[in-house]
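A.B. asks: Input file: my_file-v7.cif. Contents: mmCIF, C-alpha atoms (C1' of nucleotides).
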data_start
loop_
_atom_site.label_atom_id
_atom_site.label_comp_id
_atom_site.auth_asym_id
_atom_site.auth_seq_id
_atom_site.Cartn_x
_atom_site.Cartn_y
_atom_site.Cartn_z
CA MET A 2 -2.55 0.18 -7.95
CA LYS A 3 -0.90 -3.22 -7.91
CA ILE A 4 -2.02 -6.82 -7.78
CA SER A 5 -0.24 -8.19 -4.69
CA THR A 6 1.98 -11.27 -4.68
CA LYS A 7 -0.79 -13.14 -2.92
CA GLY A 8 -3.11 -12.73 -5.89
CA ARG A 9 -0.40 -13.44 -8.43
CA TYR A 10 0.74 -16.53 -6.57
CA ALA A 11 -2.85 -17.76 -6.28
CA LEU A 12 -3.17 -17.46 -10.04
CA ARG A 13 0.05 -19.36 -10.68
CA LEU A 14 -1.02 -21.95 -8.16
CA MET A 15 -4.37 -22.50 -9.85
CA LEU A 16 -2.68 -22.58 -13.24
CA ASP A 17 -0.23 -25.15 -11.94
CA LEU A 18 -3.15 -27.29 -10.77
CA ALA A 19 -4.87 -26.86 -14.12
CA LEU A 20 -1.74 -27.91 -16.00
CA ASN A 21 -1.42 -30.97 -13.78
CA ASN A 22 -5.10 -31.79 -13.77
CA THR A 23 -4.71 -35.59 -14.07
CA GLY A 24 -7.05 -36.66 -11.30
CA GLU A 25 -4.14 -37.39 -8.98
CA PRO A 26 -3.82 -34.83 -6.17
CA VAL A 27 -0.89 -32.44 -6.52
CA ARG A 28 1.29 -31.84 -3.47
CA ILE A 29 2.22 -28.37 -2.23
CA LYS A 30 5.84 -29.44 -2.33
CA GLU A 31 5.66 -29.98 -6.09
CA ILE A 32 3.94 -26.68 -6.76
CA SER A 33 6.48 -24.96 -4.57
CA ALA A 34 9.34 -26.46 -6.56
CA ARG A 35 7.83 -25.66 -9.95
CA GLN A 36 6.68 -22.16 -9.10
CA GLU A 37 9.57 -21.24 -6.81
CA ILE A 38 7.29 -20.06 -4.04
CA SER A 39 7.80 -21.11 -0.41
CA GLU A 40 5.71 -24.08 0.73
CA LYS A 41 4.54 -22.25 3.80
CA TYR A 42 3.27 -19.26 1.89
CA LEU A 43 1.56 -21.50 -0.66
CA GLU A 44 -0.10 -23.38 2.16
CA GLN A 45 -1.61 -20.18 3.41
CA ILE A 46 -2.86 -19.11 0.01
CA ILE A 47 -4.28 -22.49 -0.91
CA SER A 48 -6.12 -22.54 2.39
CA THR A 49 -8.16 -19.57 1.18
CA LEU A 50 -8.87 -21.31 -2.11
CA ASN A 51 -9.83 -24.47 -0.24
CA LYS A 52 -12.26 -22.74 2.10
CA ALA A 53 -13.91 -21.10 -0.89
CA GLY A 54 -14.30 -24.51 -2.51
CA TYR A 55 -12.05 -23.65 -5.45
CA VAL A 56 -9.82 -26.64 -4.76
CA LYS A 57 -10.34 -29.97 -3.02
CA SER A 58 -7.80 -31.32 -0.61
CA VAL A 59 -6.81 -34.88 0.20
CA ARG A 60 -5.05 -35.31 3.54
CA GLY A 61 -2.45 -37.86 4.54
CA PRO A 62 0.28 -39.48 2.44
CA GLN A 63 -0.28 -39.36 -1.33
CA GLY A 64 -2.55 -36.42 -0.56
CA GLY A 65 -2.56 -32.98 -2.10
CA TYR A 66 -4.93 -30.73 -4.00
CA ARG A 67 -6.92 -30.80 -7.17
CA LEU A 68 -9.25 -28.35 -8.86
CA ALA A 69 -12.86 -28.64 -7.72
CA LYS A 70 -14.17 -27.71 -11.17
CA GLU A 71 -12.97 -27.57 -14.75
CA PRO A 72 -10.52 -24.79 -15.74
CA GLU A 73 -13.24 -23.11 -17.86
CA GLN A 74 -15.27 -22.55 -14.73
CA TYR A 75 -12.75 -20.26 -13.05
CA THR A 76 -12.32 -16.70 -14.17
CA VAL A 77 -9.20 -14.80 -13.25
CA GLY A 78 -11.51 -12.33 -11.50
CA MET A 79 -12.85 -15.01 -9.17
CA ILE A 80 -9.38 -16.02 -8.11
CA LEU A 81 -8.01 -12.50 -7.74
CA ARG A 82 -11.06 -11.15 -5.90
CA LEU A 83 -10.96 -14.06 -3.48
CA THR A 84 -7.32 -13.56 -2.61
CA GLU A 85 -6.99 -9.80 -3.05
CA GLY A 86 -10.31 -8.92 -1.46
CA SER A 87 -11.56 -6.61 -4.20
CA LEU A 88 -10.36 -5.23 -7.50
CA ALA A 89 -12.25 -1.95 -7.23
CA PRO A 90 -9.84 0.96 -7.86
CA VAL A 91 -11.28 2.98 -4.97
CA ALA A 92 -12.72 1.93 -1.62
CA CYS A 93 -15.99 3.82 -2.07
CA MET A 94 -17.05 1.33 -4.75
CA GLU A 95 -16.52 -1.82 -2.73
CA ASP A 96 -19.79 -2.44 -0.94
CA GLU A 97 -23.36 -2.28 -2.10
CA VAL A 98 -23.87 0.53 0.38
CA ASN A 99 -21.58 3.41 -0.42
CA ALA A 100 -20.75 5.32 2.77
CA CYS A 101 -19.01 8.35 1.26
CA GLY A 102 -20.86 11.60 1.97
CA ARG A 103 -19.54 13.25 -1.15
CA GLN A 104 -20.99 10.53 -3.32
CA ALA A 105 -23.93 12.47 -4.75
CA SER A 106 -21.70 15.30 -5.90
CA CYS A 107 -18.69 13.13 -6.72
CA VAL A 108 -17.60 13.67 -10.31
CA THR A 109 -14.72 11.29 -10.10
CA LEU A 110 -17.07 8.45 -9.15
CA ARG A 111 -18.03 8.25 -12.83
CA LEU A 112 -14.36 7.88 -13.70
CA TRP A 113 -13.83 5.15 -11.10
CA LYS A 114 -16.84 3.28 -12.47
CA MET A 115 -15.34 3.38 -15.94
CA LEU A 116 -12.05 2.10 -14.55
CA ASP A 117 -13.77 -0.61 -12.56
CA ASP A 118 -15.70 -1.73 -15.63
CA ALA A 119 -12.53 -1.82 -17.70
CA ILE A 120 -10.77 -3.96 -15.12
CA SER A 121 -13.74 -6.29 -14.66
CA GLY A 122 -14.08 -6.54 -18.44
CA VAL A 123 -10.71 -8.25 -18.55
CA VAL A 124 -10.58 -10.35 -15.40
CA ASP A 125 -14.15 -11.62 -15.67
CA LYS A 126 -13.64 -12.71 -19.25
CA VAL A 127 -10.33 -14.56 -19.02
CA THR A 128 -10.57 -18.05 -17.54
CA LEU A 129 -8.03 -20.51 -16.23
CA ALA A 130 -8.62 -22.51 -19.40
CA ASP A 131 -7.47 -19.50 -21.41
CA LEU A 132 -4.25 -19.37 -19.43
CA VAL A 133 -3.73 -23.08 -20.10
CA ASP A 134 -4.26 -22.44 -23.83
CA TRP A 135 -1.84 -19.56 -23.85
CA GLN A 136 0.68 -21.73 -22.10
CA SER A 137 0.51 -24.42 -24.80
CA GLU A 138 0.68 -21.76 -27.50
CA MET A 139 3.95 -20.60 -26.00
CA MET A 140 5.27 -24.16 -25.84
CA ASP A 141 4.46 -24.59 -29.55
CA ASN A 142 6.55 -21.56 -30.35
CA TYR A 143 9.53 -23.07 -28.61
CA VAL A 144 9.45 -26.24 -30.71
CA ILE A 145 9.99 -24.55 -34.10
CA MET B 6 -5.22 -2.73 -6.40
CA LYS B 7 -6.25 0.71 -5.25
CA ILE B 8 -5.64 4.27 -6.32
CA SER B 9 -4.15 5.90 -3.22
CA THR B 10 -5.49 9.04 -1.58
CA LYS B 11 -2.53 10.92 -2.99
CA GLY B 12 -3.65 10.24 -6.53
CA ARG B 13 -7.30 10.85 -5.79
CA TYR B 14 -6.53 14.11 -4.00
CA ALA B 15 -4.31 15.22 -6.87
CA LEU B 16 -7.20 14.67 -9.24
CA ARG B 17 -9.62 16.63 -7.08
CA LEU B 18 -7.02 19.35 -6.71
CA MET B 19 -6.54 19.67 -10.44
CA LEU B 20 -10.30 19.58 -10.98
CA ASP B 21 -10.70 22.33 -8.41
CA LEU B 22 -8.15 24.42 -10.29
CA ALA B 23 -9.94 23.71 -13.57
CA LEU B 24 -13.30 24.75 -12.13
CA ASN B 25 -11.74 27.97 -10.80
CA ASN B 26 -9.69 28.66 -13.88
CA THR B 27 -10.30 32.42 -13.99
CA GLY B 28 -6.73 33.59 -14.42
CA GLU B 29 -6.48 34.58 -10.77
CA PRO B 30 -4.26 32.23 -8.77
CA VAL B 31 -6.12 29.92 -6.39
CA ARG B 32 -4.80 29.60 -2.83
CA ILE B 33 -4.21 26.25 -1.13
CA LYS B 34 -6.38 27.45 1.72
CA GLU B 35 -9.39 27.73 -0.60
CA ILE B 36 -8.86 24.33 -2.16
CA SER B 37 -8.43 22.85 1.28
CA ALA B 38 -11.76 24.32 2.43
CA ARG B 39 -13.67 23.23 -0.68
CA GLN B 40 -12.18 19.76 -0.92
CA GLU B 41 -11.90 19.11 2.81
CA ILE B 42 -8.29 18.04 2.56
CA SER B 43 -5.60 19.33 4.96
CA GLU B 44 -3.59 22.31 3.69
CA LYS B 45 -0.34 20.65 4.59
CA TYR B 46 -1.08 17.49 2.65
CA LEU B 47 -2.29 19.48 -0.35
CA GLU B 48 0.92 21.50 -0.24
CA GLN B 49 2.92 18.33 -0.57
CA ILE B 50 0.84 16.99 -3.45
CA ILE B 51 0.77 20.25 -5.37
CA SER B 52 4.53 20.47 -5.01
CA THR B 53 4.79 17.35 -7.18
CA LEU B 54 2.42 18.85 -9.73
CA ASN B 55 4.38 22.08 -9.67
CA LYS B 56 7.75 20.42 -10.24
CA ALA B 57 6.29 18.53 -13.18
CA GLY B 58 5.05 21.81 -14.63
CA TYR B 59 1.38 20.83 -14.39
CA VAL B 60 0.59 23.93 -12.34
CA LYS B 61 2.20 27.35 -12.03
CA SER B 62 2.71 28.95 -8.65
CA VAL B 63 2.66 32.58 -7.61
CA ARG B 64 4.39 33.27 -4.30
CA GLY B 65 3.62 35.93 -1.76
CA PRO B 66 0.32 37.59 -0.83
CA GLN B 67 -2.44 37.16 -3.43
CA GLY B 68 -0.42 34.20 -4.62
CA GLY B 69 -1.56 30.67 -5.30
CA TYR B 70 -1.70 28.25 -8.18
CA ARG B 71 -3.19 28.04 -11.61
CA LEU B 72 -3.17 25.40 -14.33
CA ALA B 73 -0.19 25.64 -16.67
CA LYS B 74 -2.27 24.44 -19.62
CA GLU B 75 -5.92 24.10 -20.63
CA PRO B 76 -8.00 21.35 -18.98
CA GLU B 77 -8.18 19.46 -22.30
CA GLN B 78 -4.41 19.04 -22.19
CA TYR B 79 -4.38 16.95 -19.02
CA THR B 80 -5.42 13.33 -19.05
CA VAL B 81 -6.37 11.60 -15.84
CA GLY B 82 -3.54 9.18 -16.58
CA MET B 83 -0.94 11.96 -16.58
CA ILE B 84 -2.06 13.14 -13.17
CA LEU B 85 -2.40 9.70 -11.61
CA ARG B 86 0.88 8.39 -13.00
CA LEU B 87 2.71 11.45 -11.75
CA THR B 88 1.39 11.13 -8.22
CA GLU B 89 0.99 7.36 -7.94
CA GLY B 90 4.20 6.46 -9.74
CA SER B 91 2.72 3.94 -12.18
CA LEU B 92 -0.63 2.40 -12.95
CA ALA B 93 0.76 -0.93 -14.14
CA PRO B 94 -1.02 -3.76 -12.32
CA VAL B 95 2.24 -5.66 -11.73
CA ALA B 96 5.79 -4.43 -11.09
CA CYS B 97 7.35 -6.45 -13.91
CA MET B 98 5.62 -4.19 -16.46
CA GLU B 99 6.89 -0.90 -15.10
CA ASP B 100 10.19 -0.25 -16.82
CA GLU B 101 11.30 -0.63 -20.40
CA VAL B 102 13.72 -3.31 -19.23
CA ASN B 103 11.85 -6.14 -17.63
CA ALA B 104 14.04 -7.80 -15.01
CA CYS B 105 11.94 -10.87 -14.25
CA GLY B 106 13.69 -14.12 -15.21
CA ARG B 107 10.41 -15.93 -15.76
CA GLN B 108 9.37 -13.39 -18.36
CA ALA B 109 9.89 -15.53 -21.44
CA SER B 110 7.79 -18.35 -20.07
CA CYS B 111 5.35 -16.15 -18.18
CA VAL B 112 1.78 -16.88 -19.26
CA THR B 113 0.25 -14.38 -16.91
CA LEU B 114 2.26 -11.59 -18.51
CA ARG B 115 -0.22 -11.66 -21.37
CA LEU B 116 -3.04 -11.22 -18.87
CA TRP B 117 -1.30 -8.31 -17.16
CA LYS B 118 -0.78 -6.65 -20.51
CA MET B 119 -4.49 -6.91 -21.22
CA LEU B 120 -5.24 -5.42 -17.83
CA ASP B 121 -2.73 -2.65 -18.30
CA ASP B 122 -4.22 -1.81 -21.71
CA ALA B 123 -7.72 -1.74 -20.25
CA ILE B 124 -6.65 0.63 -17.48
CA SER B 125 -4.68 2.86 -19.83
CA GLY B 126 -7.60 2.86 -22.23
CA VAL B 127 -9.65 4.68 -19.64
CA VAL B 128 -7.21 6.99 -17.91
CA ASP B 129 -5.44 8.11 -21.08
CA LYS B 130 -8.73 8.98 -22.74
CA VAL B 131 -10.48 10.96 -20.00
CA THR B 132 -9.25 14.53 -19.60
CA LEU B 133 -9.66 17.14 -16.93
CA ALA B 134 -12.03 18.91 -19.33
CA ASP B 135 -14.25 15.81 -19.32
CA LEU B 136 -14.42 15.93 -15.53
CA VAL B 137 -15.39 19.59 -15.73
CA ASP B 138 -18.13 18.71 -18.23
CA TRP B 139 -19.42 15.91 -16.04
CA GLN B 140 -19.49 18.29 -13.14
CA SER B 141 -21.70 20.78 -14.98
CA GLU B 142 -23.96 17.95 -16.17
CA MET B 143 -24.50 17.00 -12.55
CA MET B 144 -25.24 20.59 -11.61
CA ASP B 145 -27.87 20.76 -14.37
CA ASN B 146 -29.61 17.74 -12.90
CA TYR B 147 -29.87 19.44 -9.55
CA VAL B 148 -31.66 22.50 -10.97
CA ILE B 149 -34.84 20.82 -12.27
"C1'" DC C 4 11.19 49.46 4.62
"C1'" DA C 5 8.10 46.44 7.59
"C1'" DT C 6 4.76 43.11 7.68
"C1'" DA C 7 1.59 39.81 6.63
"C1'" DT C 8 0.52 36.33 3.43
"C1'" DA C 9 1.48 33.05 0.67
"C1'" DT C 10 4.47 29.18 -1.27
"C1'" DC C 11 8.60 26.04 -0.52
"C1'" DC C 12 11.22 22.38 1.73
"C1'" DT C 13 12.65 18.68 4.81
"C1'" DA C 14 11.93 15.66 8.52
"C1'" DT C 15 9.20 12.79 11.45
"C1'" DT C 16 5.68 9.50 12.68
"C1'" DA C 17 1.64 6.47 13.68
"C1'" DA C 18 -0.82 3.05 11.52
"C1'" DA C 19 -1.62 -0.22 8.23
"C1'" DT C 20 -0.36 -3.58 4.97
"C1'" DC C 21 2.67 -6.92 2.90
"C1'" DA C 22 5.17 -10.93 2.46
"C1'" DC C 23 6.52 -14.05 4.68
"C1'" DT C 24 8.28 -17.54 8.60
"C1'" DA C 25 7.56 -20.68 12.61
"C1'" DG C 26 5.70 -24.27 14.98
"C1'" DG C 27 2.66 -27.33 16.35
"C1'" DC C 28 -1.89 -30.21 15.33
"C1'" DT C 29 -4.58 -33.50 12.62
"C1'" DT C 30 -5.51 -36.94 9.21
"C1'" DT C 31 -4.54 -41.13 6.77
"C1'" DA C 32 -1.98 -44.54 3.48
"C1'" DT C 33 1.26 -48.01 4.19
"C1'" DA D 14 3.15 -47.46 14.37
"C1'" DT D 15 4.94 -44.24 11.41
"C1'" DA D 16 5.73 -40.99 8.14
"C1'" DA D 17 3.76 -37.97 4.89
"C1'" DA D 18 0.80 -35.00 3.79
"C1'" DG D 19 -2.56 -31.03 4.83
"C1'" DC D 20 -4.53 -27.68 8.70
"C1'" DC D 21 -4.30 -23.73 11.78
"C1'" DT D 22 -2.76 -19.69 14.36
"C1'" DA D 23 0.52 -16.49 15.68
"C1'" DG D 24 4.37 -13.58 15.03
"C1'" DT D 25 7.48 -10.34 12.60
"C1'" DG D 26 10.48 -7.31 9.87
"C1'" DA D 27 10.11 -4.25 6.08
"C1'" DT D 28 7.75 -1.12 3.46
"C1'" DT D 29 4.22 2.05 2.32
"C1'" DT D 30 0.63 5.24 3.41
"C1'" DA D 31 -1.26 9.27 4.97
"C1'" DA D 32 -0.46 12.42 7.04
"C1'" DT D 33 1.81 16.41 10.71
"C1'" DA D 34 5.25 19.74 12.10
"C1'" DG D 35 8.12 23.47 11.72
"C1'" DG D 36 10.64 26.50 9.72
"C1'" DA D 37 12.70 29.07 5.30
"C1'" DT D 38 11.78 31.97 1.42
"C1'" DA D 39 9.44 35.16 -1.65
"C1'" DT D 40 6.57 39.19 -2.47
"C1'" DA D 41 2.35 42.44 -2.62
"C1'" DT D 42 0.86 46.15 0.00
"C1'" DG D 43 0.92 49.99 3.37
#
Is it possible to express this structure as structure tokens?
C.D. replies:
Amino acid sequence: MKISTKGRYALRLMLDLALNNTGEPVRIKEISARQEISEKYLEQIISTLNKAGYVKSVRGPQGGYRLAKEPEQYTVGMILRLTEGSLAPVACMEDEVNACGRQASCVTLRLWKMLDDAISGVVDKVTLADLVDWQSEMMDNYVI
Amino acid sequence: MKISTKGRYALRLMLDLALNNTGEPVRIKEISARQEISEKYLEQIISTLNKAGYVKSVRGPQGGYRLAKEPEQYTVGMILRLTEGSLAPVACMEDEVNACGRQASCVTLRLWKMLDDAISGVVDKVTLADLVDWQSEMMDNYVI
DNA sequence: CATATATCCTATTAAATCACTAGGCTTTAT
DNA sequence: ATAAAGCCTAGTGATTTAATAGGATATATG
């Protein structure tokens, strides 16, 4: 019942891009240094985000990545589901077609639906822009 | 981000005991047949529940297991946390002492706390007695 | 007391997943 | 032409998962 490093790193990566959303592309090397995550692993993760159209890449020198849309447009759920695969607490809830034979008589299915709703209620509501806001709130506190 | 089979089986096991809560001990063999889970695996899972005092065992012929308390006394969270270890969505939230160095400046921590609260809000509210009720509701629907 | 029936306990294992690392290929600004 | 970036695929060690296996121990019943 854990969010994997892949999902967490993807979130930090997107947040890093949002915080450095100047128009200039951001290099993997910079993100790697700031977030203390290996360049190679970041490369792999950002490739998923790129293929999904969540970020735009610029190749060659002075290249890098930038967000494809505004931070408000990305929910945490979008990012985590893309990189984690699914946030459903049990496999039988993943697809439209539920293959489990016990389904009709499955009491716990109701429980899993409640859990799934609770999880979705959080991740589909919080956006990247919220994370950016929270970040600046924290910075404010440090100033005193 | 999944509940493992161990946790799901533990829940079905406890529900099976609750539905057969006659005072007579219930044998693993019966649970295994009803739930279609191997006896050996059930043995292992119920051993955890037994050590935690969630069930009481009777050894020897005519032996088996029964609930130590009433179904209302068990939340789904108790059972899942015991068998799964923890339901926290990230490792850095598990212990009282949080070892992560980024903690102070960690924006996502706030998100994980929201997620953790949402999950706990469900599993700490639903009891074994609720599952029993839901089960009988379903049975009613089948009668028509 | 003997026996069958149950729980109890520890070890092993095949498969899958996770969290990376490695190395070369392609594009493009200078 | 060159160097700096992203792009792509494969490999790998460690850990976890989901069991199986096999015997030890307790006890109700005849």
A.B. asks: Counting all atoms listed in the file, which residues of chain B sit at most 6 Å from some atom of chain A, and what is each one's closest atom pair with its distance in Å to one decimal, listed by chain and rising residue number, as a Markdown table?
C.D. replies:
| residue | atom | partner | partner_atom | distance |
| --- | --- | --- | --- | --- |
| B:Met6 | CA | A:Met2 | CA | 4.2 |
| B:Lys7 | CA | A:Pro90 | CA | 4.4 |
| B:Ile8 | CA | A:Met2 | CA | 5.4 |
| B:Leu92 | CA | A:Met2 | CA | 5.8 |
| B:Pro94 | CA | A:Lys3 | CA | 4.4 |
| B:Val95 | CA | A:Lys3 | CA | 5.5 |
| B:Val112 | CA | A:Gln136 | CA | 5.7 |
| B:Ala123 | CA | A:Ala119 | CA | 5.4 |
| B:Gln140 | CA | A:Val108 | CA | 5.7 |
A.B. asks: Please check which residues have atoms at most 10 Å from (3.1, -38.4, 6.0) in the file's coordinates, counting all atoms listed in the file, and write them as a list in words.
C.D. replies: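 The residues that fall inside the cut-off are Arg60, Gly61, Pro62, Gln63 and Gly64 of chain A; DT30, DT31, DA32 and DT33 of chain C; DT15, DA16, DA17, DA18 and DG19 of chain D.
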A.B. asks: What does the structure give for the distance between CA of Tyr79 (chain B) and CA of Leu114 (chain B), in Å to one decimal?
C.D. replies: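 Between CA of Tyr79 (chain B) and CA of Leu114 (chain B) the gap works out to 29.3 Å.
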A.B. asks: For the atom pair CA of Lys52 (chain A) and C1' of DA27 (chain D), what is the interatomic distance in Å to one decimal place?
C.D. replies: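 One can read the CA of Lys52 (chain A) to C1' of DA27 (chain D) distance as 29.3 Å.
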A.B. asks: Using all atoms listed in the file, what table do you get, as CSV, when you list each residue of chain A with an atom no more than 12 Å from chain D, its nearest pair of atoms, and their distance in Å rounded to one decimal, rows by chain then rising number?
C.D. replies:
residue,atom,partner,partner_atom,distance
A:Pro26,CA,D:DA18,C1',11.0
A:Val27,CA,D:DA18,C1',10.8
A:Arg28,CA,D:DA18,C1',7.9
A:Ile29,CA,D:DG19,C1',8.9
A:Lys30,CA,D:DA18,C1',9.7
A:Glu40,CA,D:DG19,C1',11.6
A:Lys41,CA,D:DG19,C1',11.3
A:Leu43,CA,D:DG19,C1',11.7
A:Glu44,CA,D:DG19,C1',8.5
A:Gln45,CA,D:DC21,C1',9.5
A:Ile47,CA,D:DG19,C1',10.4
A:Ser48,CA,D:DC20,C1',8.3
A:Thr49,CA,D:DC20,C1',11.6
A:Asn51,CA,D:DC20,C1',10.9
A:Lys52,CA,D:DC20,C1',11.3
A:Lys57,CA,D:DG19,C1',11.1
A:Ser58,CA,D:DG19,C1',7.6
A:Val59,CA,D:DG19,C1',7.4
A:Arg60,CA,D:DG19,C1',5.1
A:Gly61,CA,D:DA18,C1',4.4
A:Pro62,CA,D:DA17,C1',4.5
A:Gln63,CA,D:DA18,C1',6.8
A:Gly64,CA,D:DA18,C1',5.7
A:Gly65,CA,D:DA18,C1',7.1
A:Tyr66,CA,D:DG19,C1',9.1
A.B. asks: Expressed in Å to a single decimal, how great is the separation between C1' of DC28 (chain C) and CA of Val56 (chain A)?
C.D. replies: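 These two atoms are separated by 21.9 Å.
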A.B. asks: List, as an mmCIF file with C-alpha atoms (C1' of nucleotides), keeping the file's coordinate frame, every residue that the PyMOL selection byres ((chain C) within 7 of (chain B)) selects in the file provided.
C.D. replies:
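Full text of expr_8.cif as output:
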data_model
loop_
_atom_site.group_PDB
_atom_site.id
_atom_site.type_symbol
_atom_site.label_atom_id
_atom_site.label_comp_id
_atom_site.auth_asym_id
_atom_site.auth_seq_id
_atom_site.Cartn_x
_atom_site.Cartn_y
_atom_site.Cartn_z
ATOM 1 C "C1'" DT C 8 0.520 36.330 3.430
ATOM 2 C "C1'" DA C 9 1.480 33.050 0.670
ATOM 3 C "C1'" DT C 10 4.470 29.180 -1.270
#
A.B. asks: I need the residue nearest DA25 (chain C) from this list: A:Asn22, A:Glu37, A:Cys93, A:Tyr42. Use only C-alpha atoms (C1' of nucleotides) for the distance.
C.D. replies: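 Using only C-alpha atoms (C1' of nucleotides), DA25 (chain C) sits closest to A:Tyr42.
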